[in-house]
>>> print(open('protein10.pdb').read())   # PDB, C-alpha atoms, pLDDT in the B column
ATOM      1  CA  MET X   1      36.146  41.025 -94.174  1.00 52.00           C
ATOM      2  CA  LYS X   2      35.761  40.692 -90.423  1.00 56.00           C
ATOM      3  CA  PRO X   3      37.938  38.117 -88.645  1.00 56.00           C
ATOM      4  CA  MET X   4      36.217  34.907 -87.379  1.00 56.00           C
ATOM      5  CA  ASN X   5      34.883  35.117 -83.833  1.00 56.00           C
ATOM      6  CA  ASP X   6      36.842  32.598 -81.731  1.00 59.00           C
ATOM      7  CA  GLU X   7      33.847  32.221 -79.382  1.00 67.00           C
ATOM      8  CA  PHE X   8      31.663  30.743 -82.113  1.00 68.00           C
ATOM      9  CA  TYR X   9      30.671  27.282 -80.782  1.00 67.00           C
ATOM     10  CA  ILE X  10      30.354  24.266 -83.052  1.00 70.00           C
ATOM     11  CA  GLY X  11      28.773  21.175 -81.453  1.00 71.00           C
ATOM     12  CA  TYR X  12      31.187  18.589 -82.858  1.00 73.00           C
ATOM     13  CA  LEU X  13      34.294  20.313 -81.452  1.00 71.00           C
ATOM     14  CA  PRO X  14      35.899  18.525 -78.438  1.00 77.00           C
ATOM     15  CA  LYS X  15      35.374  21.489 -76.066  1.00 78.00           C
ATOM     16  CA  ALA X  16      33.464  24.745 -75.897  1.00 76.00           C
ATOM     17  CA  PRO X  17      35.249  28.119 -76.171  1.00 79.00           C
ATOM     18  CA  ALA X  18      36.489  29.436 -72.818  1.00 79.00           C
ATOM     19  CA  ALA X  19      33.895  32.210 -72.454  1.00 80.00           C
ATOM     20  CA  THR X  20      31.038  29.879 -73.331  1.00 80.00           C
ATOM     21  CA  ALA X  21      32.316  27.252 -70.872  1.00 80.00           C
ATOM     22  CA  ARG X  22      32.541  29.848 -68.074  1.00 84.00           C
ATOM     23  CA  HIS X  23      28.986  30.991 -68.762  1.00 84.00           C
ATOM     24  CA  VAL X  24      27.630  27.439 -68.740  1.00 85.00           C
ATOM     25  CA  ARG X  25      29.441  26.676 -65.455  1.00 87.00           C
ATOM     26  CA  ARG X  26      27.940  29.760 -63.806  1.00 90.00           C
ATOM     27  CA  VAL X  27      24.436  28.840 -64.982  1.00 91.00           C
ATOM     28  CA  VAL X  28      24.761  25.227 -63.814  1.00 92.00           C
ATOM     29  CA  LEU X  29      26.094  26.262 -60.395  1.00 91.00           C
ATOM     30  CA  ALA X  30      23.308  28.833 -60.005  1.00 91.00           C
ATOM     31  CA  LEU X  31      20.659  26.234 -60.897  1.00 93.00           C
ATOM     32  CA  ALA X  32      22.179  23.693 -58.473  1.00 92.00           C
ATOM     33  CA  ALA X  33      22.221  26.269 -55.679  1.00 90.00           C
ATOM     34  CA  GLY X  34      18.601  27.146 -56.467  1.00 90.00           C
ATOM     35  CA  VAL X  35      17.555  23.502 -56.247  1.00 92.00           C
ATOM     36  CA  VAL X  36      19.280  23.067 -52.865  1.00 91.00           C
ATOM     37  CA  ALA X  37      17.763  26.300 -51.540  1.00 88.00           C
ATOM     38  CA  THR X  38      14.275  25.356 -52.756  1.00 86.00           C
ATOM     39  CA  GLY X  39      14.559  21.937 -51.084  1.00 85.00           C
ATOM     40  CA  ALA X  40      15.636  23.534 -47.814  1.00 83.00           C
ATOM     41  CA  VAL X  41      12.759  26.029 -47.883  1.00 82.00           C
ATOM     42  CA  LEU X  42      10.176  23.335 -48.669  1.00 73.00           C
ATOM     43  CA  ALA X  43      11.524  21.145 -45.863  1.00 69.00           C
ATOM     44  CA  VAL X  44      10.866  23.993 -43.437  1.00 72.00           C
ATOM     45  CA  VAL X  45       7.530  25.354 -44.656  1.00 70.00           C
ATOM     46  CA  LEU X  46       5.688  22.189 -45.702  1.00 62.00           C
ATOM     47  CA  PRO X  47       3.567  20.518 -42.989  1.00 63.00           C
ATOM     48  CA  TYR X  48       4.827  17.450 -41.134  1.00 58.00           C
ATOM     49  CA  LEU X  49       3.349  14.380 -42.814  1.00 61.00           C
ATOM     50  CA  GLY X  50       3.970  11.820 -40.090  1.00 65.00           C
ATOM     51  CA  ALA X  51       6.498   9.055 -39.599  1.00 77.00           C
ATOM     52  CA  GLY X  52       4.573   6.228 -41.237  1.00 81.00           C
ATOM     53  CA  VAL X  53       6.534   3.104 -42.200  1.00 87.00           C
ATOM     54  CA  PHE X  54       5.518   0.358 -44.646  1.00 91.00           C
ATOM     55  CA  GLU X  55       7.880  -2.632 -44.616  1.00 92.00           C
ATOM     56  CA  PHE X  56       7.291  -3.239 -48.317  1.00 92.00           C
ATOM     57  CA  GLY X  57       8.452  -6.670 -49.463  1.00 90.00           C
ATOM     58  CA  GLN X  58       9.229  -7.871 -45.924  1.00 94.00           C
ATOM     59  CA  VAL X  59       6.624 -10.558 -45.305  1.00 95.00           C
ATOM     60  CA  ARG X  60       6.889 -12.229 -41.902  1.00 94.00           C
ATOM     61  CA  ASP X  61       4.780 -14.222 -39.494  1.00 94.00           C
ATOM     62  CA  PHE X  62       2.661 -12.654 -36.755  1.00 94.00           C
ATOM     63  CA  ARG X  63       0.991 -14.659 -33.995  1.00 92.00           C
ATOM     64  CA  GLY X  64      -2.077 -13.754 -31.972  1.00 92.00           C
ATOM     65  CA  VAL X  65      -5.834 -14.070 -31.568  1.00 91.00           C
ATOM     66  CA  VAL X  66      -8.206 -12.930 -34.297  1.00 90.00           C
ATOM     67  CA  ARG X  67     -10.848 -10.442 -33.109  1.00 89.00           C
ATOM     68  CA  CYS X  68     -13.606  -8.986 -35.267  1.00 84.00           C
ATOM     69  CA  ASP X  69     -16.298  -7.767 -32.863  1.00 73.00           C
ATOM     70  CA  ALA X  70     -19.713  -6.672 -34.091  1.00 60.00           C
ATOM     71  CA  MET X  71     -18.193  -3.799 -36.060  1.00 59.00           C
ATOM     72  CA  HIS X  72     -16.357  -6.085 -38.506  1.00 73.00           C
ATOM     73  CA  ALA X  73     -12.954  -4.507 -37.853  1.00 85.00           C
ATOM     74  CA  PRO X  74     -10.588  -7.499 -37.980  1.00 91.00           C
ATOM     75  CA  ARG X  75      -7.670  -7.336 -35.565  1.00 92.00           C
ATOM     76  CA  LEU X  76      -4.873  -9.631 -34.422  1.00 92.00           C
ATOM     77  CA  THR X  77      -4.113  -9.306 -30.720  1.00 91.00           C
ATOM     78  CA  ASP X  78      -1.368 -10.663 -28.504  1.00 85.00           C
ATOM     79  CA  THR X  79      -0.210  -9.792 -25.009  1.00 77.00           C
ATOM     80  CA  GLU X  80       1.532  -6.589 -26.139  1.00 81.00           C
ATOM     81  CA  VAL X  81       0.160  -5.436 -29.513  1.00 88.00           C
ATOM     82  CA  ASP X  82      -3.258  -5.063 -31.132  1.00 91.00           C
ATOM     83  CA  TYR X  83      -2.852  -5.056 -34.933  1.00 94.00           C
ATOM     84  CA  LEU X  84      -5.559  -3.828 -37.291  1.00 94.00           C
ATOM     85  CA  LEU X  85      -5.822  -6.140 -40.322  1.00 95.00           C
ATOM     86  CA  VAL X  86      -6.152  -5.032 -43.948  1.00 94.00           C
ATOM     87  CA  GLY X  87      -5.906  -6.984 -47.186  1.00 93.00           C
ATOM     88  CA  PRO X  88      -3.577  -6.514 -50.161  1.00 94.00           C
ATOM     89  CA  GLY X  89      -4.345  -3.634 -52.496  1.00 92.00           C
ATOM     90  CA  LYS X  90      -7.419  -1.575 -51.665  1.00 93.00           C
ATOM     91  CA  ARG X  91      -9.176  -4.348 -49.771  1.00 92.00           C
ATOM     92  CA  GLY X  92     -10.163  -5.113 -46.231  1.00 91.00           C
ATOM     93  CA  ALA X  93      -9.486  -8.412 -44.466  1.00 90.00           C
ATOM     94  CA  LEU X  94     -12.999  -9.480 -43.439  1.00 88.00           C
ATOM     95  CA  GLU X  95     -12.228 -13.065 -44.457  1.00 89.00           C
ATOM     96  CA  MET X  96     -10.105 -13.256 -41.294  1.00 90.00           C
ATOM     97  CA  CYS X  97     -13.288 -13.054 -39.231  1.00 86.00           C
ATOM     98  CA  GLY X  98     -13.824 -16.738 -40.001  1.00 85.00           C
ATOM     99  CA  ALA X  99     -11.100 -17.408 -37.408  1.00 86.00           C
ATOM    100  CA  GLU X 100     -12.721 -15.188 -34.721  1.00 85.00           C
ATOM    101  CA  GLY X 101     -11.397 -16.122 -31.267  1.00 86.00           C
ATOM    102  CA  GLN X 102      -8.759 -18.488 -32.662  1.00 88.00           C
ATOM    103  CA  THR X 103      -5.036 -18.310 -31.948  1.00 90.00           C
ATOM    104  CA  VAL X 104      -3.372 -18.172 -35.364  1.00 91.00           C
ATOM    105  CA  THR X 105      -0.153 -17.493 -37.211  1.00 92.00           C
ATOM    106  CA  LEU X 106      -0.575 -14.979 -40.005  1.00 91.00           C
ATOM    107  CA  ALA X 107       1.854 -13.957 -42.742  1.00 94.00           C
ATOM    108  CA  GLY X 108       1.851 -10.265 -43.544  1.00 95.00           C
ATOM    109  CA  THR X 109       3.661  -6.959 -43.902  1.00 96.00           C
ATOM    110  CA  LEU X 110       3.853  -4.452 -41.067  1.00 96.00           C
ATOM    111  CA  ILE X 111       2.560  -0.874 -41.378  1.00 95.00           C
ATOM    112  CA  THR X 112       3.171   1.438 -38.423  1.00 93.00           C
ATOM    113  CA  ARG X 113       2.790   5.070 -37.404  1.00 91.00           C
ATOM    114  CA  ASP X 114       2.526   6.911 -34.078  1.00 86.00           C
ATOM    115  CA  GLY X 115       2.534   3.654 -32.127  1.00 87.00           C
ATOM    116  CA  ARG X 116      -0.336   2.125 -34.132  1.00 90.00           C
ATOM    117  CA  ARG X 117       0.287  -1.093 -36.053  1.00 93.00           C
ATOM    118  CA  VAL X 118      -1.471  -2.517 -39.084  1.00 95.00           C
ATOM    119  CA  ILE X 119      -0.810  -5.791 -40.910  1.00 95.00           C
ATOM    120  CA  GLU X 120      -1.343  -6.170 -44.654  1.00 95.00           C
ATOM    121  CA  THR X 121      -2.211  -9.861 -44.861  1.00 94.00           C
ATOM    122  CA  ALA X 122      -0.320 -12.091 -47.288  1.00 93.00           C
ATOM    123  CA  GLY X 123      -2.320 -15.304 -46.996  1.00 86.00           C
ATOM    124  CA  PRO X 124      -4.868 -17.149 -44.875  1.00 86.00           C
ATOM    125  CA  ALA X 125      -4.544 -17.433 -41.111  1.00 82.00           C
ATOM    126  CA  ARG X 126      -3.046 -20.731 -39.894  1.00 84.00           C
ATOM    127  CA  GLN X 127      -4.527 -22.044 -36.656  1.00 80.00           C
ATOM    128  CA  THR X 128      -1.971 -22.978 -34.000  1.00 77.00           C
ATOM    129  CA  ALA X 129      -2.094 -25.811 -31.501  1.00 65.00           C
ATOM    130  CA  GLU X 130      -3.575 -23.591 -28.791  1.00 65.00           C
ATOM    131  CA  GLY X 131      -6.941 -23.457 -30.612  1.00 57.00           C
ATOM    132  CA  ALA X 132      -9.681 -21.139 -29.375  1.00 59.00           C
ATOM    133  CA  ALA X 133      -8.580 -18.358 -27.020  1.00 61.00           C
ATOM    134  CA  GLY X 134     -11.940 -17.290 -25.629  1.00 59.00           C
ATOM    135  CA  SER X 135     -13.603 -13.914 -25.633  1.00 64.00           C
ATOM    136  CA  GLU X 136     -11.966 -10.519 -25.277  1.00 69.00           C
ATOM    137  CA  GLU X 137     -12.575  -8.198 -22.354  1.00 76.00           C
ATOM    138  CA  PRO X 138     -15.917  -6.402 -22.749  1.00 82.00           C
ATOM    139  CA  PRO X 139     -15.858  -2.917 -24.291  1.00 84.00           C
ATOM    140  CA  VAL X 140     -15.638   0.043 -21.903  1.00 89.00           C
ATOM    141  CA  SER X 141     -17.596   3.218 -22.611  1.00 92.00           C
ATOM    142  CA  LEU X 142     -15.692   6.475 -22.144  1.00 94.00           C
ATOM    143  CA  GLY X 143     -18.767   8.648 -22.718  1.00 95.00           C
ATOM    144  CA  ILE X 144     -20.355  10.742 -25.451  1.00 95.00           C
ATOM    145  CA  MET X 145     -17.833  13.038 -27.109  1.00 94.00           C
ATOM    146  CA  THR X 146     -17.820  15.655 -29.846  1.00 93.00           C
ATOM    147  CA  LEU X 147     -14.627  15.286 -31.862  1.00 95.00           C
ATOM    148  CA  THR X 148     -12.967  17.252 -34.643  1.00 94.00           C
ATOM    149  CA  GLY X 149     -10.595  15.747 -37.167  1.00 94.00           C
ATOM    150  CA  GLU X 150     -10.544  13.737 -40.403  1.00 95.00           C
ATOM    151  CA  ILE X 151     -11.853  10.406 -41.666  1.00 96.00           C
ATOM    152  CA  VAL X 152      -9.004   8.398 -43.251  1.00 95.00           C
ATOM    153  CA  ASP X 153      -8.273   4.928 -44.518  1.00 94.00           C
ATOM    154  CA  PRO X 154      -5.808   3.409 -42.038  1.00 93.00           C
ATOM    155  CA  LYS X 155      -3.794   1.396 -44.543  1.00 94.00           C
ATOM    156  CA  CYS X 156      -2.521   4.459 -46.382  1.00 94.00           C
ATOM    157  CA  TYR X 157      -2.575   6.800 -43.383  1.00 93.00           C
ATOM    158  CA  PHE X 158      -0.458   4.604 -41.121  1.00 93.00           C
ATOM    159  CA  GLY X 159       2.337   4.200 -43.653  1.00 90.00           C
ATOM    160  CA  VAL X 160       1.605   2.901 -47.150  1.00 89.00           C
ATOM    161  CA  MET X 161       1.320   6.408 -48.642  1.00 88.00           C
ATOM    162  CA  ASN X 162       2.610   9.806 -47.615  1.00 80.00           C
ATOM    163  CA  PRO X 163       0.792  12.144 -47.518  1.00 79.00           C
ATOM    164  CA  ALA X 164      -2.341  10.065 -46.874  1.00 83.00           C
ATOM    165  CA  GLU X 165      -4.735  12.723 -45.646  1.00 85.00           C
ATOM    166  CA  GLY X 166      -6.559  15.800 -46.882  1.00 87.00           C
ATOM    167  CA  ARG X 167      -8.107  16.432 -50.277  1.00 89.00           C
ATOM    168  CA  ALA X 168      -4.981  15.252 -52.109  1.00 88.00           C
ATOM    169  CA  HIS X 169      -5.654  11.718 -50.856  1.00 91.00           C
ATOM    170  CA  ARG X 170      -9.458  11.818 -50.869  1.00 93.00           C
ATOM    171  CA  ALA X 171     -10.067   9.699 -54.006  1.00 94.00           C
ATOM    172  CA  CYS X 172      -7.628   6.989 -52.905  1.00 94.00           C
ATOM    173  CA  ALA X 173      -9.080   6.869 -49.389  1.00 94.00           C
ATOM    174  CA  ILE X 174     -12.633   6.480 -50.730  1.00 95.00           C
ATOM    175  CA  LEU X 175     -11.563   3.502 -52.864  1.00 95.00           C
ATOM    176  CA  CYS X 176      -9.830   1.872 -49.881  1.00 94.00           C
ATOM    177  CA  LEU X 177     -12.849   2.310 -47.618  1.00 95.00           C
ATOM    178  CA  ARG X 178     -15.230   1.016 -50.295  1.00 94.00           C
ATOM    179  CA  GLY X 179     -12.956  -2.016 -50.588  1.00 93.00           C
ATOM    180  CA  GLY X 180     -13.710  -2.974 -46.991  1.00 92.00           C
ATOM    181  CA  ILE X 181     -10.907  -1.300 -45.039  1.00 93.00           C
ATOM    182  CA  THR X 182     -12.132  -0.127 -41.637  1.00 92.00           C
ATOM    183  CA  PRO X 183     -12.511   3.691 -41.498  1.00 94.00           C
ATOM    184  CA  VAL X 184     -10.495   5.523 -38.859  1.00 95.00           C
ATOM    185  CA  PHE X 185     -11.071   8.976 -37.398  1.00 96.00           C
ATOM    186  CA  VAL X 186      -7.953  11.037 -36.664  1.00 95.00           C
ATOM    187  CA  ALA X 187      -9.136  13.356 -33.904  1.00 93.00           C
ATOM    188  CA  LYS X 188      -7.103  16.492 -33.201  1.00 86.00           C
ATOM    189  CA  ASP X 189      -7.253  18.860 -30.251  1.00 83.00           C
ATOM    190  CA  ARG X 190      -6.245  22.526 -30.117  1.00 80.00           C
ATOM    191  CA  THR X 191      -2.615  21.638 -29.340  1.00 81.00           C
ATOM    192  CA  GLY X 192      -2.318  19.416 -32.403  1.00 76.00           C
ATOM    193  CA  ALA X 193      -2.287  16.154 -30.421  1.00 83.00           C
ATOM    194  CA  THR X 194      -4.018  13.278 -32.199  1.00 88.00           C
ATOM    195  CA  ALA X 195      -6.016  10.173 -31.286  1.00 92.00           C
ATOM    196  CA  HIS X 196      -7.035   7.367 -33.642  1.00 94.00           C
ATOM    197  CA  LEU X 197     -10.515   5.854 -33.398  1.00 95.00           C
ATOM    198  CA  LEU X 198     -12.180   3.097 -35.412  1.00 94.00           C
ATOM    199  CA  ILE X 199     -15.558   4.337 -36.679  1.00 94.00           C
ATOM    200  CA  THR X 200     -18.846   2.449 -36.426  1.00 92.00           C
ATOM    201  CA  GLY X 201     -22.521   3.324 -36.244  1.00 91.00           C
ATOM    202  CA  LEU X 202     -24.399   3.825 -32.979  1.00 90.00           C
ATOM    203  CA  ARG X 203     -24.891   0.061 -32.537  1.00 87.00           C
ATOM    204  CA  GLY X 204     -21.421  -0.934 -33.689  1.00 85.00           C
ATOM    205  CA  GLU X 205     -22.513  -1.558 -37.283  1.00 88.00           C
ATOM    206  CA  PRO X 206     -20.446  -0.555 -40.372  1.00 89.00           C
ATOM    207  CA  ILE X 207     -21.416   2.863 -41.800  1.00 92.00           C
ATOM    208  CA  THR X 208     -18.795   3.248 -44.527  1.00 92.00           C
ATOM    209  CA  GLU X 209     -21.187   4.448 -47.235  1.00 93.00           C
ATOM    210  CA  GLU X 210     -22.522   7.235 -45.001  1.00 94.00           C
ATOM    211  CA  LEU X 211     -18.961   8.433 -44.338  1.00 95.00           C
ATOM    212  CA  LEU X 212     -17.656   8.705 -47.902  1.00 95.00           C
ATOM    213  CA  ARG X 213     -18.796  12.276 -48.597  1.00 94.00           C
ATOM    214  CA  TRP X 214     -16.844  13.455 -45.518  1.00 95.00           C
ATOM    215  CA  VAL X 215     -13.519  11.736 -46.296  1.00 95.00           C
ATOM    216  CA  GLY X 216     -10.496  13.981 -46.754  1.00 91.00           C
ATOM    217  CA  GLU X 217     -12.129  17.004 -45.098  1.00 92.00           C
ATOM    218  CA  GLY X 218     -11.947  18.560 -41.663  1.00 93.00           C
ATOM    219  CA  VAL X 219     -15.144  17.440 -39.930  1.00 95.00           C
ATOM    220  CA  ALA X 220     -16.790  17.394 -36.519  1.00 94.00           C
ATOM    221  CA  GLY X 221     -19.248  14.860 -35.138  1.00 95.00           C
ATOM    222  CA  LYS X 222     -20.732  13.387 -31.983  1.00 95.00           C
ATOM    223  CA  GLY X 223     -20.819   9.844 -30.678  1.00 95.00           C
ATOM    224  CA  GLU X 224     -19.911   7.430 -27.911  1.00 95.00           C
ATOM    225  CA  VAL X 225     -16.215   6.613 -27.477  1.00 95.00           C
ATOM    226  CA  VAL X 226     -15.646   2.985 -26.481  1.00 93.00           C
ATOM    227  CA  ARG X 227     -12.393   1.246 -25.602  1.00 90.00           C
ATOM    228  CA  MET X 228     -12.126  -2.057 -27.486  1.00 83.00           C
ATOM    229  CA  GLY X 229      -8.909  -3.867 -26.610  1.00 80.00           C
ATOM    230  CA  ARG X 230      -6.107  -1.383 -27.258  1.00 86.00           C
ATOM    231  CA  TRP X 231      -8.161   0.550 -29.828  1.00 90.00           C
ATOM    232  CA  LEU X 232     -10.742   3.264 -29.319  1.00 92.00           C
ATOM    233  CA  THR X 233     -14.006   3.059 -31.239  1.00 93.00           C
ATOM    234  CA  TRP X 234     -16.233   6.026 -32.026  1.00 94.00           C
ATOM    235  CA  ARG X 235     -19.863   4.958 -32.278  1.00 94.00           C
ATOM    236  CA  LEU X 236     -20.907   7.825 -34.457  1.00 93.00           C
ATOM    237  CA  ASP X 237     -24.242   9.187 -35.556  1.00 92.00           C
ATOM    238  CA  PRO X 238     -23.553  10.111 -39.222  1.00 92.00           C
ATOM    239  CA  ALA X 239     -26.286  12.757 -39.034  1.00 94.00           C
ATOM    240  CA  SER X 240     -24.136  14.670 -36.518  1.00 94.00           C
ATOM    241  CA  LEU X 241     -21.269  15.198 -38.989  1.00 93.00           C
ATOM    242  CA  SER X 242     -20.547  18.677 -40.261  1.00 94.00           C
ATOM    243  CA  PHE X 243     -17.594  20.400 -41.856  1.00 91.00           C
ATOM    244  CA  ALA X 244     -15.314  21.763 -39.145  1.00 84.00           C
ATOM    245  CA  GLY X 245     -15.715  25.481 -38.585  1.00 68.00           C
ATOM    246  CA  LYS X 246     -19.178  25.636 -40.139  1.00 58.00           C
TER
END
>>> encode(input="protein10.pdb", output="structure tokens")
Amino acid sequence: MKPMNDEFYIGYLPKAPAATARHVRRVVLALAAGVVATGAVLAVVLPYLGAGVFEFGQVRDFRGVVRCDAMHAPRLTDTEVDYLLVGPGKRGALEMCGAEGQTVTLAGTLITRDGRRVIETAGPARQTAEGAAGSEEPPVSLGIMTLTGEIVDPKCYFGVMNPAEGRAHRACAILCLRGGITPVFVAKDRTGATAHLLITGLRGEPITEELLRWVGEGVAGKGEVVRMGRWLTWRLDPASLSFAGK
């Protein structure tokens, strides 16, 4: 009869045999080192996804003048900042256009990335004592330009989700744009520098439905670039759109 093997492990014993314990420790340490190494490699090789910030749960008051323009892109402007307005969930904030030209106080949550600021509204605008603020400076044309980049929904792109671009975010972006959120074009040059432009049709009209098939893809198109407040607008001919590189 062979003697009992001392290394035989029984689960209800208070501790594992020494050899088994050493083996388990080595495996656990190797797995932990692998996890750390994998994280370090991914941090280096994965693309930079932007420094978007969503102040989730931090509702505060913003004060400024409501601007909607002919393109139905609601904004809240003050002397220093020009906020783009979006609604809660996957909705736009077109209801704010009822206060066009009025100085208001608006409760909302800040979304910000690359110097651009968006407010997710948290209630109706409250008119302040100043009343109507008059018209904004007229738009300034910067000329016809051919641009290359991507059509995104600004709520997710500027901070609510990360990543919020490319095919991985395409379905979400389409739902946001269909919900009334103003489409934005992220134009990129050969150096990787970006510019953000609100998208309208040639006459400043909404063209969201015509843009949906191009969302989440690298595209090129041609249209007039117009400065509207502190935002640029691309008055685009949808027929000019093509997949970049084709």
>>> residues_around(input="protein10.pdb", residues="Thr148 (chain X)", least_positions_apart="5", cutoff="9 Å", atoms="all atoms listed in the file", output="VMD selection string")
chain X and resid 185 to 189 218 to 221 244
>>> residues_near_point(input="protein10.pdb", point="(1.0, 14.6, -35.4)", cutoff="12 Å", atoms="only C-alpha atoms", output="PDB file with C-alpha atoms, in the frame of the given file")
ATOM      1  CA  PRO X  47       3.567  20.518 -42.989  1.00 63.00           C
ATOM      2  CA  TYR X  48       4.827  17.450 -41.134  1.00 58.00           C
ATOM      3  CA  LEU X  49       3.349  14.380 -42.814  1.00 61.00           C
ATOM      4  CA  GLY X  50       3.970  11.820 -40.090  1.00 65.00           C
ATOM      5  CA  ALA X  51       6.498   9.055 -39.599  1.00 77.00           C
ATOM      6  CA  GLY X  52       4.573   6.228 -41.237  1.00 81.00           C
ATOM      7  CA  ARG X 113       2.790   5.070 -37.404  1.00 91.00           C
ATOM      8  CA  ASP X 114       2.526   6.911 -34.078  1.00 86.00           C
ATOM      9  CA  GLY X 115       2.534   3.654 -32.127  1.00 87.00           C
ATOM     10  CA  GLY X 149     -10.595  15.747 -37.167  1.00 94.00           C
ATOM     11  CA  TYR X 157      -2.575   6.800 -43.383  1.00 93.00           C
ATOM     12  CA  PHE X 158      -0.458   4.604 -41.121  1.00 93.00           C
ATOM     13  CA  GLU X 165      -4.735  12.723 -45.646  1.00 85.00           C
ATOM     14  CA  VAL X 186      -7.953  11.037 -36.664  1.00 95.00           C
ATOM     15  CA  ALA X 187      -9.136  13.356 -33.904  1.00 93.00           C
ATOM     16  CA  LYS X 188      -7.103  16.492 -33.201  1.00 86.00           C
ATOM     17  CA  ASP X 189      -7.253  18.860 -30.251  1.00 83.00           C
ATOM     18  CA  ARG X 190      -6.245  22.526 -30.117  1.00 80.00           C
ATOM     19  CA  THR X 191      -2.615  21.638 -29.340  1.00 81.00           C
ATOM     20  CA  GLY X 192      -2.318  19.416 -32.403  1.00 76.00           C
ATOM     21  CA  ALA X 193      -2.287  16.154 -30.421  1.00 83.00           C
ATOM     22  CA  THR X 194      -4.018  13.278 -32.199  1.00 88.00           C
ATOM     23  CA  ALA X 195      -6.016  10.173 -31.286  1.00 92.00           C
ATOM     24  CA  HIS X 196      -7.035   7.367 -33.642  1.00 94.00           C
TER      25      HIS X 196
END
>>> resolve_selection(input="protein10.pdb", expression="the PyMOL selection byres ((chain X and resi 180) around 6)", output="ChimeraX atom specification")
/X:91-92,177-179,181
>>> resolve_selection(input="protein10.pdb", expression="the PyMOL selection byres ((chain X and resi 74-85) around 8)", output="VMD selection string")
chain X and resid 63 to 69 72 to 73 86 to 87 92 to 94 96 to 97 116 to 121 229 to 231
>>> resolve_selection(input="protein10.pdb", expression="the PyMOL selection byres ((chain X and resi 203) around 10)", output="list in words")
Ala70, Met71, Thr200, Gly201, Leu202, Gly204, Glu205, Pro206, Arg235, Leu236 and Asp237 of chain X
>>> atom_distance(input="protein10.pdb", atom1="CA of Ala164 (chain X)", atom2="CA of Trp214 (chain X)")
15.0 Å
>>> closest_residue(input="protein10.pdb", among="X:Leu29, X:Leu198, X:Ile174, X:Ile111", to="Met161 (chain X)", atoms="all atoms listed in the file")
X:Ile111
>>> atom_distance(input="protein10.pdb", atom1="CA of Thr233 (chain X)", atom2="CA of Ile199 (chain X)")
5.8 Å
>>> residues_around(input="protein10.pdb", residues="region 140-142 of chain X", least_positions_apart="5", cutoff="10 Å", atoms="all atoms listed in the file", output="short mmCIF file (atom, residue, chain, number, x, y, z; two decimals) with C-alpha atoms, keeping the file's coordinate frame")
data_model
loop_
_atom_site.label_atom_id
_atom_site.label_comp_id
_atom_site.auth_asym_id
_atom_site.auth_seq_id
_atom_site.Cartn_x
_atom_site.Cartn_y
_atom_site.Cartn_z
CA GLU X 224 -19.91 7.43 -27.91
CA VAL X 225 -16.22 6.61 -27.48
CA VAL X 226 -15.65 2.98 -26.48
CA ARG X 227 -12.39 1.25 -25.60
CA MET X 228 -12.13 -2.06 -27.49
CA GLY X 229 -8.91 -3.87 -26.61
CA LEU X 232 -10.74 3.26 -29.32
CA THR X 233 -14.01 3.06 -31.24
CA TRP X 234 -16.23 6.03 -32.03
#
>>> residues_around(input="protein10.pdb", residues="Gln58 (chain X)", least_positions_apart="2", cutoff="10 Å", atoms="only C-alpha atoms", output="count of residues only")
7
>>> axis_aligned_box(input="protein10.pdb", around="region 150-156 of chain X", padding_each_side="3 Å", output="AutoDock Vina command-line options")
--center_x -7.2 --center_y 7.6 --center_z -43.4 --size_x 15.3 --size_y 18.3 --size_z 12.0
>>> residues_around(input="protein10.pdb", residues="Ala107 (chain X)", least_positions_apart="4", cutoff="7 Å", atoms="only C-alpha atoms", output="PyMOL selection string")
chain X and resi 59-62+121-123
>>> atom_distance(input="protein10.pdb", atom1="CA of Val35 (chain X)", atom2="CA of Thr20 (chain X)")
22.7 Å
